[in-house]
Structure formats: structure tokens, C-alpha cells
Amino acid sequence: MHGFGPRVARMARNLTYTATAGIERKDTLGTLASAALFLLPAAMVSTPFNVLPFALVLLLTSAWGFSRLWRARPGVIGYLLLALTVAALASSLVSSWQSAEAFRDEGYRTRFLAMPWVLLWVCAFRPRQEMLWWGALFGLFATLAIAIYQVTHGWPRAEAWTNSIVLADVTLVLMIVLVFCRPPGRWGCIALGMAAGGAVILLSGSRGVWPALLALLVAMALSIRRGSGRLRLASLAGLLLVAATLVLAVPQLRELTRLSELHSDVQRIEAGDVDSSAGARLERLQVAWDTFREHPWTGVGIGKFDTAMQRLPDCRLPQVVEARCHLGHAHNDVAEWGATEGIPGLLLLLCIYGLPLWLFIRLHRHSGEGGFRGPAAAGVMVVVAYILCGATQSMFAHQITVSTYATLVGLLAGLSLMRASEHRQPRPGQRTAGRQQPVQG
């Protein structure tokens, strides 16, 4: 892997060339691309359109500036993401063919096409990264307004335009973008945005997002190096401590966070009753394991986890309408992919998480960032958040979460390559004579 550094250097030089090509349309296409970066997080869960506004601008700019798109050279990263996309699509087609039935999950897998496409698009049009940050900030406050409206109008949990669990997961992704793609000197806005995101997660009542939220806070500490930043982080930690104390002390807040329900679920599980949120998850893990042992190489077919649930006596009768028998997925990534696609599915899941994680770690090493921050660091944390949230949710069984992951992987990889190219360019007044030192791998 020692050749990865020189390849990043070559990709950076190609991006520099791409930035100078097509100068006659640079302003218009660049402005549209930057607007798309704002729309992506701004409309993700705060509108019923999700990623559609971004997708429309992506399609428009790709068609209008096709010549620049064609000249873009993302290098080996583009080929790796394309290979991952082909593998995901091929896996879904083979699984659907074996089960002789098409399911919605197969259509969701087409969202992986966004990974290489958006990477190429960013390399061609070089949008402004700060617009992604502003979009995340706007999206957090807009989502908070919707969550407050829903809860105050009698909804038991905030859902926005999706469901409570997906709302919390995507909100956490917006918080990651807000923290790691930040422009200099915006700590006040970051604190407000983090508070808004935390309030949305609180109102959603989702508990599965808490480990990923804790990982985000730890990564924030790693991303801050200066004393003033540490003081701000200490203040933020103090606020979080106060918030945690209030949640534990105030009954209404305990009800919102479903802490009392969790305690009740544990007691019911100990008594042998699995008809609860936590109990149903444990039951589905057992079903997934039994199904995997019976069909280790093929599973029961993509999107057919409800078929596996029929091994339970309560779910075998056609007239049964129990919700736990018809959730559509396993509420766990490993259980879902193992039960529906077997060992090939588990290997593919490992690649879907492992390959982008490895790429972002390598890109961050060559980004020139002074600390754990920037688009590559954001990419690392997006993958980590999905892995942690995937312990209690099937992250690729929902259109919003699939689209968010695929789009952000391509987008953040492209922005990381842009950052690498900017890092290699000489500063104004710097002597450019002599050979430029290669990036060390």
C-alpha cells in the first residue's frame, strides 16, 4: 500500500488540470454544484423530497457539463467505488433471481451508483465545501422545527418525513458534517447546531443512535487542538452533562428518551416475554442466526426477512398481523445481510463499510489537515456512525439511509481529493522552482 501516496499526488495533479478546463462555464456550473451541496443536507430529512433536489441538480450539471465530467480523473478511488457499486448491484440481482422475485431492496441497491458518479462530479465541478456545512446547519434547525411541531401536536415520537429511527440516524450524519466540514471560526454555530441535533434525537426517542453520538463526541475531542477549542469543548461537555442529568431526573424527558421503556423491556425479556422493542430485536437476531445456519450461502433472498420470521409459530398463520412478524428487515445489518444473502452478503457488507473506511483513512493521512478534521475525517465518522447504528437498524433497508450513505461517500471522497490538490499547490509568494516533493505513502 506504499504506492497510495503517489497515486493521491497524481490524482491531485489531474484535479488541478480539471479545474482549469472549461473555464467559460466554470462560474455557472460551479455555482450550481455548490447549490447542490447546500440542498443535499438541507432537504435530507426536513422535506419529503430527501435527496431529490440534489439529484436533480446533479443530473442537470452532469448533462450540461458532460465534457468536464468526461475529463475528470478521480483515479484509483473512482475505480474502487465503481467496483463496489457493481458488486452491490450484482449481488442484489443474483439474490432476486434465485428467489424468483423482485423486492424494494434491489431498487435501493441502485443508489450505490451515486458513489462513483458523485465522486466524478465533485472532481469535475469542484463545488465549495462550506456550502455543505451551511446546508447541514440549515437542515438541523429545519428538522428541529418539524420535530417540535410533531411532538407538540400529539405525536408520540418525532418522525419528520420518515420514521423515528431513520430520523435520528440521519440527524447524526448531519451533525458529523457540521463538525468535521466546518469552516474556521464557526464554533458558535457548531454548538447551536449540535444542540439542535441533540434535541431532534431526544424528540425522536431513538436509543440505537446513542453509541454513534458518543463516538462523535470523542472524535470532536480529537479534532480540537487549541486551548480555546478545548475550553469550548469542555463547555459543551458540561452542557451535555446537564442535559443527561435532566433526562434522568425529569419524568417527561425519561419518557421521551424511552429510558423507562427500556427498563420495562429488560424485565419482560427476563420473564420470557419478547413482545417489546428490545425483545423483538433479540428475537430477530435468533431468527437470523437460525436462517443463516440453514442457508449459509444464499440466505432466503434479498428483502425477504419476513419469510424467515415465519419459522416462529406466532408468525406462520396467514391471518397473523402482529407487527413484529412484518417489520420487513432484521433491525441489524449483520443479521439482515447474513439471513437474506448468506456468506456472500456478509462479505459484501464488509466491503461496503471497510473499503470506504480504508479510503477515507488514507485520504486523511494525505490531506494536510492539522488534526482530525476535514472531509476525509467526516467520511471516516459517517462510516463509523453507520456501523454503530447498524447494530439496532438495517441501514440499507431504507431509501433515505442508502441514498445518504452512497451520496456522502462519493461526495466526501471527492472533496478530500480537492483538499489534497489544494494542499499540494504552492502558496502565494512561495518559490516554485525545483522539483515538488511527492506525497509520502
# chains A, B, ... in the order shown; residues from 1 in each chain; ligands from 1
>>> residues_around(residues="A:Cys123", least_positions_apart="2", cutoff="9 Å", atoms="only C-alpha atoms", output="list of chain:residue names")
A:Leu15, A:Thr18, A:Ala19, A:Leu69, A:Ala72, A:Arg73, A:Pro74, A:Val118, A:Leu119, A:Leu120, A:Trp121, A:Phe125, A:Arg126, A:Pro127, A:Gly414, A:Leu415, A:Leu417, A:Met418
>>> write_last_selection(atoms="N, CA, C and O atoms", output="PDB file, in the first residue's frame")
ATOM      1  N   LEU A  15      -6.754  16.730 -10.861  1.00  0.00           N
ATOM      2  CA  LEU A  15      -7.810  17.648 -10.441  1.00  0.00           C
ATOM      3  C   LEU A  15      -7.429  19.088 -10.728  1.00  0.00           C
ATOM      4  O   LEU A  15      -8.271  19.915 -11.096  1.00  0.00           O
ATOM      5  N   THR A  18      -8.201  19.577 -14.266  1.00  0.00           N
ATOM      6  CA  THR A  18      -9.634  19.664 -14.487  1.00  0.00           C
ATOM      7  C   THR A  18     -10.180  21.031 -14.094  1.00  0.00           C
ATOM      8  O   THR A  18     -11.085  21.570 -14.717  1.00  0.00           O
ATOM      9  N   ALA A  19      -9.614  21.617 -13.039  1.00  0.00           N
ATOM     10  CA  ALA A  19     -10.102  22.916 -12.557  1.00  0.00           C
ATOM     11  C   ALA A  19      -9.849  24.022 -13.571  1.00  0.00           C
ATOM     12  O   ALA A  19     -10.577  25.015 -13.611  1.00  0.00           O
ATOM     13  N   LEU A  69     -17.083  16.537 -17.096  1.00  0.00           N
ATOM     14  CA  LEU A  69     -17.249  15.288 -16.366  1.00  0.00           C
ATOM     15  C   LEU A  69     -16.404  14.188 -16.994  1.00  0.00           C
ATOM     16  O   LEU A  69     -15.795  13.375 -16.298  1.00  0.00           O
ATOM     17  N   ALA A  72     -12.689  14.537 -16.082  1.00  0.00           N
ATOM     18  CA  ALA A  72     -12.316  14.365 -14.681  1.00  0.00           C
ATOM     19  C   ALA A  72     -11.628  13.017 -14.475  1.00  0.00           C
ATOM     20  O   ALA A  72     -12.015  12.010 -15.065  1.00  0.00           O
ATOM     21  N   ARG A  73     -10.609  13.014 -13.638  1.00  0.00           N
ATOM     22  CA  ARG A  73      -9.821  11.806 -13.405  1.00  0.00           C
ATOM     23  C   ARG A  73      -9.682  11.560 -11.886  1.00  0.00           C
ATOM     24  O   ARG A  73      -8.699  11.977 -11.283  1.00  0.00           O
ATOM     25  N   PRO A  74     -10.665  10.883 -11.297  1.00  0.00           N
ATOM     26  CA  PRO A  74     -10.541  10.595  -9.856  1.00  0.00           C
ATOM     27  C   PRO A  74      -9.549   9.486  -9.544  1.00  0.00           C
ATOM     28  O   PRO A  74      -9.239   9.246  -8.378  1.00  0.00           O
ATOM     29  N   VAL A 118     -21.033  10.707  -8.062  1.00  0.00           N
ATOM     30  CA  VAL A 118     -20.833  11.944  -7.308  1.00  0.00           C
ATOM     31  C   VAL A 118     -19.343  12.241  -7.142  1.00  0.00           C
ATOM     32  O   VAL A 118     -18.925  13.404  -7.174  1.00  0.00           O
ATOM     33  N   LEU A 119     -18.525  11.206  -6.968  1.00  0.00           N
ATOM     34  CA  LEU A 119     -17.074  11.418  -6.912  1.00  0.00           C
ATOM     35  C   LEU A 119     -16.574  12.089  -8.179  1.00  0.00           C
ATOM     36  O   LEU A 119     -15.832  13.086  -8.127  1.00  0.00           O
ATOM     37  N   LEU A 120     -16.975  11.578  -9.330  1.00  0.00           N
ATOM     38  CA  LEU A 120     -16.573  12.159 -10.611  1.00  0.00           C
ATOM     39  C   LEU A 120     -17.096  13.584 -10.751  1.00  0.00           C
ATOM     40  O   LEU A 120     -16.388  14.491 -11.228  1.00  0.00           O
ATOM     41  N   TRP A 121     -18.315  13.803 -10.298  1.00  0.00           N
ATOM     42  CA  TRP A 121     -18.959  15.120 -10.385  1.00  0.00           C
ATOM     43  C   TRP A 121     -18.214  16.161  -9.553  1.00  0.00           C
ATOM     44  O   TRP A 121     -17.981  17.282 -10.000  1.00  0.00           O
ATOM     45  N   PHE A 125     -16.473  19.571 -11.170  1.00  0.00           N
ATOM     46  CA  PHE A 125     -17.052  20.900 -10.967  1.00  0.00           C
ATOM     47  C   PHE A 125     -16.560  21.602  -9.708  1.00  0.00           C
ATOM     48  O   PHE A 125     -16.861  22.772  -9.507  1.00  0.00           O
ATOM     49  N   ARG A 126     -15.865  20.886  -8.827  1.00  0.00           N
ATOM     50  CA  ARG A 126     -15.207  21.483  -7.673  1.00  0.00           C
ATOM     51  C   ARG A 126     -16.121  22.446  -6.898  1.00  0.00           C
ATOM     52  O   ARG A 126     -15.848  23.637  -6.780  1.00  0.00           O
ATOM     53  N   PRO A 127     -17.217  21.937  -6.321  1.00  0.00           N
ATOM     54  CA  PRO A 127     -18.108  22.810  -5.535  1.00  0.00           C
ATOM     55  C   PRO A 127     -17.441  23.270  -4.246  1.00  0.00           C
ATOM     56  O   PRO A 127     -16.451  22.692  -3.789  1.00  0.00           O
ATOM     57  N   GLY A 414     -14.582  12.913  -3.032  1.00  0.00           N
ATOM     58  CA  GLY A 414     -14.218  13.943  -3.995  1.00  0.00           C
ATOM     59  C   GLY A 414     -13.696  15.202  -3.328  1.00  0.00           C
ATOM     60  O   GLY A 414     -12.702  15.793  -3.770  1.00  0.00           O
ATOM     61  N   LEU A 415     -14.350  15.640  -2.252  1.00  0.00           N
ATOM     62  CA  LEU A 415     -13.874  16.819  -1.529  1.00  0.00           C
ATOM     63  C   LEU A 415     -12.501  16.569  -0.902  1.00  0.00           C
ATOM     64  O   LEU A 415     -11.680  17.483  -0.809  1.00  0.00           O
ATOM     65  N   LEU A 417     -10.152  14.660  -2.202  1.00  0.00           N
ATOM     66  CA  LEU A 417      -9.188  14.800  -3.298  1.00  0.00           C
ATOM     67  C   LEU A 417      -8.967  16.268  -3.639  1.00  0.00           C
ATOM     68  O   LEU A 417      -7.844  16.690  -3.945  1.00  0.00           O
ATOM     69  N   MET A 418     -10.021  17.070  -3.599  1.00  0.00           N
ATOM     70  CA  MET A 418      -9.865  18.513  -3.807  1.00  0.00           C
ATOM     71  C   MET A 418      -8.960  19.119  -2.750  1.00  0.00           C
ATOM     72  O   MET A 418      -8.078  19.932  -3.055  1.00  0.00           O
TER      73      MET A 418
END
>>> atom_distance(atom1="atom CA of A:Gly328", atom2="atom CA of A:Ala147")
25.3 Å
>>> closest_residue(among="A:Val218, A:Leu84, A:Met381, A:Leu388", to="A:Asn332", atoms="only C-alpha atoms")
A:Leu388
>>> closest_residue(among="A:Ser91, A:Thr407, A:Thr110, A:Gln393", to="A:Pro344", atoms="only C-alpha atoms")
A:Ser91
>>> residues_around(residues="A:Val209", least_positions_apart="4", cutoff="12 Å", atoms="only C-alpha atoms", output="PDB file with N, CA, C and O atoms, in the first residue's frame")
ATOM      1  N   SER A 164     -38.913   7.319  13.142  1.00  0.00           N
ATOM      2  CA  SER A 164     -38.138   7.901  14.231  1.00  0.00           C
ATOM      3  C   SER A 164     -36.678   7.456  14.217  1.00  0.00           C
ATOM      4  O   SER A 164     -35.770   8.254  14.464  1.00  0.00           O
ATOM      5  N   ILE A 165     -36.445   6.171  13.920  1.00  0.00           N
ATOM      6  CA  ILE A 165     -35.078   5.657  13.958  1.00  0.00           C
ATOM      7  C   ILE A 165     -34.249   6.256  12.830  1.00  0.00           C
ATOM      8  O   ILE A 165     -33.115   6.715  13.040  1.00  0.00           O
ATOM      9  N   VAL A 166     -34.796   6.276  11.636  1.00  0.00           N
ATOM     10  CA  VAL A 166     -34.078   6.857  10.490  1.00  0.00           C
ATOM     11  C   VAL A 166     -33.850   8.345  10.710  1.00  0.00           C
ATOM     12  O   VAL A 166     -32.786   8.873  10.374  1.00  0.00           O
ATOM     13  N   LEU A 167     -34.834   9.027  11.286  1.00  0.00           N
ATOM     14  CA  LEU A 167     -34.671  10.450  11.571  1.00  0.00           C
ATOM     15  C   LEU A 167     -33.463  10.689  12.470  1.00  0.00           C
ATOM     16  O   LEU A 167     -32.639  11.572  12.214  1.00  0.00           O
ATOM     17  N   ALA A 168     -33.343   9.902  13.537  1.00  0.00           N
ATOM     18  CA  ALA A 168     -32.214  10.066  14.455  1.00  0.00           C
ATOM     19  C   ALA A 168     -30.893   9.744  13.777  1.00  0.00           C
ATOM     20  O   ALA A 168     -29.897  10.453  13.956  1.00  0.00           O
ATOM     21  N   ASP A 169     -30.860   8.685  12.962  1.00  0.00           N
ATOM     22  CA  ASP A 169     -29.620   8.286  12.299  1.00  0.00           C
ATOM     23  C   ASP A 169     -29.146   9.358  11.318  1.00  0.00           C
ATOM     24  O   ASP A 169     -27.960   9.716  11.297  1.00  0.00           O
ATOM     25  N   VAL A 170     -30.055   9.868  10.506  1.00  0.00           N
ATOM     26  CA  VAL A 170     -29.669  10.880   9.516  1.00  0.00           C
ATOM     27  C   VAL A 170     -29.321  12.194  10.198  1.00  0.00           C
ATOM     28  O   VAL A 170     -28.414  12.914   9.760  1.00  0.00           O
ATOM     29  N   THR A 171     -30.012  12.521  11.281  1.00  0.00           N
ATOM     30  CA  THR A 171     -29.662  13.722  12.041  1.00  0.00           C
ATOM     31  C   THR A 171     -28.234  13.634  12.553  1.00  0.00           C
ATOM     32  O   THR A 171     -27.480  14.622  12.515  1.00  0.00           O
ATOM     33  N   LEU A 172     -27.825  12.472  13.018  1.00  0.00           N
ATOM     34  CA  LEU A 172     -26.453  12.290  13.474  1.00  0.00           C
ATOM     35  C   LEU A 172     -25.466  12.504  12.335  1.00  0.00           C
ATOM     36  O   LEU A 172     -24.405  13.107  12.527  1.00  0.00           O
ATOM     37  N   VAL A 173     -25.808  12.045  11.141  1.00  0.00           N
ATOM     38  CA  VAL A 173     -24.935  12.262   9.973  1.00  0.00           C
ATOM     39  C   VAL A 173     -24.787  13.758   9.695  1.00  0.00           C
ATOM     40  O   VAL A 173     -23.688  14.241   9.381  1.00  0.00           O
ATOM     41  N   GLY A 197     -29.382  19.246  16.857  1.00  0.00           N
ATOM     42  CA  GLY A 197     -29.363  17.836  16.516  1.00  0.00           C
ATOM     43  C   GLY A 197     -29.645  16.945  17.711  1.00  0.00           C
ATOM     44  O   GLY A 197     -30.394  15.954  17.602  1.00  0.00           O
ATOM     45  N   GLY A 198     -29.064  17.292  18.857  1.00  0.00           N
ATOM     46  CA  GLY A 198     -29.341  16.514  20.062  1.00  0.00           C
ATOM     47  C   GLY A 198     -30.804  16.562  20.453  1.00  0.00           C
ATOM     48  O   GLY A 198     -31.377  15.555  20.902  1.00  0.00           O
ATOM     49  N   VAL A 200     -33.331  16.935  18.372  1.00  0.00           N
ATOM     50  CA  VAL A 200     -34.069  16.095  17.422  1.00  0.00           C
ATOM     51  C   VAL A 200     -33.968  14.629  17.829  1.00  0.00           C
ATOM     52  O   VAL A 200     -34.961  13.894  17.825  1.00  0.00           O
ATOM     53  N   ILE A 201     -32.758  14.199  18.193  1.00  0.00           N
ATOM     54  CA  ILE A 201     -32.571  12.806  18.615  1.00  0.00           C
ATOM     55  C   ILE A 201     -33.389  12.526  19.876  1.00  0.00           C
ATOM     56  O   ILE A 201     -34.005  11.458  20.013  1.00  0.00           O
ATOM     57  N   LEU A 202     -33.418  13.490  20.795  1.00  0.00           N
ATOM     58  CA  LEU A 202     -34.214  13.339  22.018  1.00  0.00           C
ATOM     59  C   LEU A 202     -35.688  13.186  21.687  1.00  0.00           C
ATOM     60  O   LEU A 202     -36.373  12.293  22.199  1.00  0.00           O
ATOM     61  N   SER A 204     -36.996  12.208  18.932  1.00  0.00           N
ATOM     62  CA  SER A 204     -37.266  11.004  18.141  1.00  0.00           C
ATOM     63  C   SER A 204     -37.432   9.773  19.032  1.00  0.00           C
ATOM     64  O   SER A 204     -38.035   8.778  18.614  1.00  0.00           O
ATOM     65  N   GLY A 205     -36.868   9.826  20.238  1.00  0.00           N
ATOM     66  CA  GLY A 205     -36.959   8.687  21.130  1.00  0.00           C
ATOM     67  C   GLY A 205     -36.107   7.510  20.726  1.00  0.00           C
ATOM     68  O   GLY A 205     -36.266   6.409  21.271  1.00  0.00           O
ATOM     69  N   LEU A 213     -23.497   8.656  18.681  1.00  0.00           N
ATOM     70  CA  LEU A 213     -23.394  10.025  19.190  1.00  0.00           C
ATOM     71  C   LEU A 213     -22.210  10.158  20.133  1.00  0.00           C
ATOM     72  O   LEU A 213     -21.473  11.158  20.092  1.00  0.00           O
ATOM     73  N   LEU A 214     -21.987   9.156  20.971  1.00  0.00           N
ATOM     74  CA  LEU A 214     -20.832   9.162  21.862  1.00  0.00           C
ATOM     75  C   LEU A 214     -19.531   9.134  21.055  1.00  0.00           C
ATOM     76  O   LEU A 214     -18.570   9.847  21.377  1.00  0.00           O
ATOM     77  N   ALA A 215     -19.493   8.329  19.997  1.00  0.00           N
ATOM     78  CA  ALA A 215     -18.300   8.283  19.130  1.00  0.00           C
ATOM     79  C   ALA A 215     -18.045   9.638  18.490  1.00  0.00           C
ATOM     80  O   ALA A 215     -16.889  10.066  18.343  1.00  0.00           O
ATOM     81  N   LEU A 216     -19.107  10.340  18.110  1.00  0.00           N
ATOM     82  CA  LEU A 216     -18.955  11.673  17.528  1.00  0.00           C
ATOM     83  C   LEU A 216     -18.334  12.635  18.540  1.00  0.00           C
ATOM     84  O   LEU A 216     -17.439  13.419  18.196  1.00  0.00           O
ATOM     85  N   THR A 257     -37.064   9.898  25.973  1.00  0.00           N
ATOM     86  CA  THR A 257     -35.897   9.095  25.611  1.00  0.00           C
ATOM     87  C   THR A 257     -36.154   7.598  25.770  1.00  0.00           C
ATOM     88  O   THR A 257     -35.295   6.789  25.435  1.00  0.00           O
ATOM     89  N   VAL A 384     -18.240   5.046  10.473  1.00  0.00           N
ATOM     90  CA  VAL A 384     -18.297   4.570  11.859  1.00  0.00           C
ATOM     91  C   VAL A 384     -19.722   4.693  12.412  1.00  0.00           C
ATOM     92  O   VAL A 384     -20.226   3.781  13.095  1.00  0.00           O
ATOM     93  N   ALA A 385     -20.383   5.807  12.121  1.00  0.00           N
ATOM     94  CA  ALA A 385     -21.751   6.004  12.611  1.00  0.00           C
ATOM     95  C   ALA A 385     -22.689   4.960  12.025  1.00  0.00           C
ATOM     96  O   ALA A 385     -23.554   4.409  12.732  1.00  0.00           O
ATOM     97  N   TYR A 386     -22.537   4.662  10.748  1.00  0.00           N
ATOM     98  CA  TYR A 386     -23.389   3.648  10.135  1.00  0.00           C
ATOM     99  C   TYR A 386     -23.139   2.271  10.745  1.00  0.00           C
ATOM    100  O   TYR A 386     -24.073   1.490  10.946  1.00  0.00           O
ATOM    101  N   ILE A 387     -21.887   1.963  11.015  1.00  0.00           N
ATOM    102  CA  ILE A 387     -21.573   0.668  11.626  1.00  0.00           C
ATOM    103  C   ILE A 387     -22.237   0.561  12.999  1.00  0.00           C
ATOM    104  O   ILE A 387     -22.854  -0.465  13.332  1.00  0.00           O
ATOM    105  N   LEU A 388     -22.126   1.613  13.806  1.00  0.00           N
ATOM    106  CA  LEU A 388     -22.694   1.578  15.161  1.00  0.00           C
ATOM    107  C   LEU A 388     -24.219   1.589  15.128  1.00  0.00           C
ATOM    108  O   LEU A 388     -24.869   0.844  15.870  1.00  0.00           O
ATOM    109  N   CYS A 389     -24.798   2.422  14.275  1.00  0.00           N
ATOM    110  CA  CYS A 389     -26.263   2.456  14.164  1.00  0.00           C
ATOM    111  C   CYS A 389     -26.794   1.148  13.583  1.00  0.00           C
ATOM    112  O   CYS A 389     -27.937   0.754  13.858  1.00  0.00           O
ATOM    113  N   GLY A 390     -25.970   0.475  12.771  1.00  0.00           N
ATOM    114  CA  GLY A 390     -26.384  -0.784  12.166  1.00  0.00           C
ATOM    115  C   GLY A 390     -26.530  -1.914  13.155  1.00  0.00           C
ATOM    116  O   GLY A 390     -27.024  -2.992  12.801  1.00  0.00           O
ATOM    117  N   ALA A 391     -26.138  -1.692  14.406  1.00  0.00           N
ATOM    118  CA  ALA A 391     -26.338  -2.720  15.432  1.00  0.00           C
ATOM    119  C   ALA A 391     -27.802  -2.847  15.823  1.00  0.00           C
ATOM    120  O   ALA A 391     -28.248  -3.901  16.293  1.00  0.00           O
ATOM    121  N   THR A 392     -28.588  -1.777  15.628  1.00  0.00           N
ATOM    122  CA  THR A 392     -30.004  -1.800  16.003  1.00  0.00           C
ATOM    123  C   THR A 392     -30.925  -1.424  14.851  1.00  0.00           C
ATOM    124  O   THR A 392     -32.127  -1.269  15.047  1.00  0.00           O
ATOM    125  N   GLN A 393     -30.365  -1.280  13.654  1.00  0.00           N
ATOM    126  CA  GLN A 393     -31.165  -0.891  12.500  1.00  0.00           C
ATOM    127  C   GLN A 393     -30.534  -1.484  11.246  1.00  0.00           C
ATOM    128  O   GLN A 393     -29.311  -1.593  11.157  1.00  0.00           O
ATOM    129  N   MET A 395     -29.463  -0.559   8.062  1.00  0.00           N
ATOM    130  CA  MET A 395     -29.209   0.754   7.477  1.00  0.00           C
ATOM    131  C   MET A 395     -29.436   0.805   5.965  1.00  0.00           C
ATOM    132  O   MET A 395     -29.626   1.879   5.404  1.00  0.00           O
TER     133      MET A 395
END
>>> residues_around(residues="A:Leu359", least_positions_apart="3", cutoff="9 Å", atoms="only C-alpha atoms", output="list in words")
Ile77, Gly354, Leu355, Pro356, Arg362, Leu363, His364, Ala376, Val380 and Ala413 of chain A
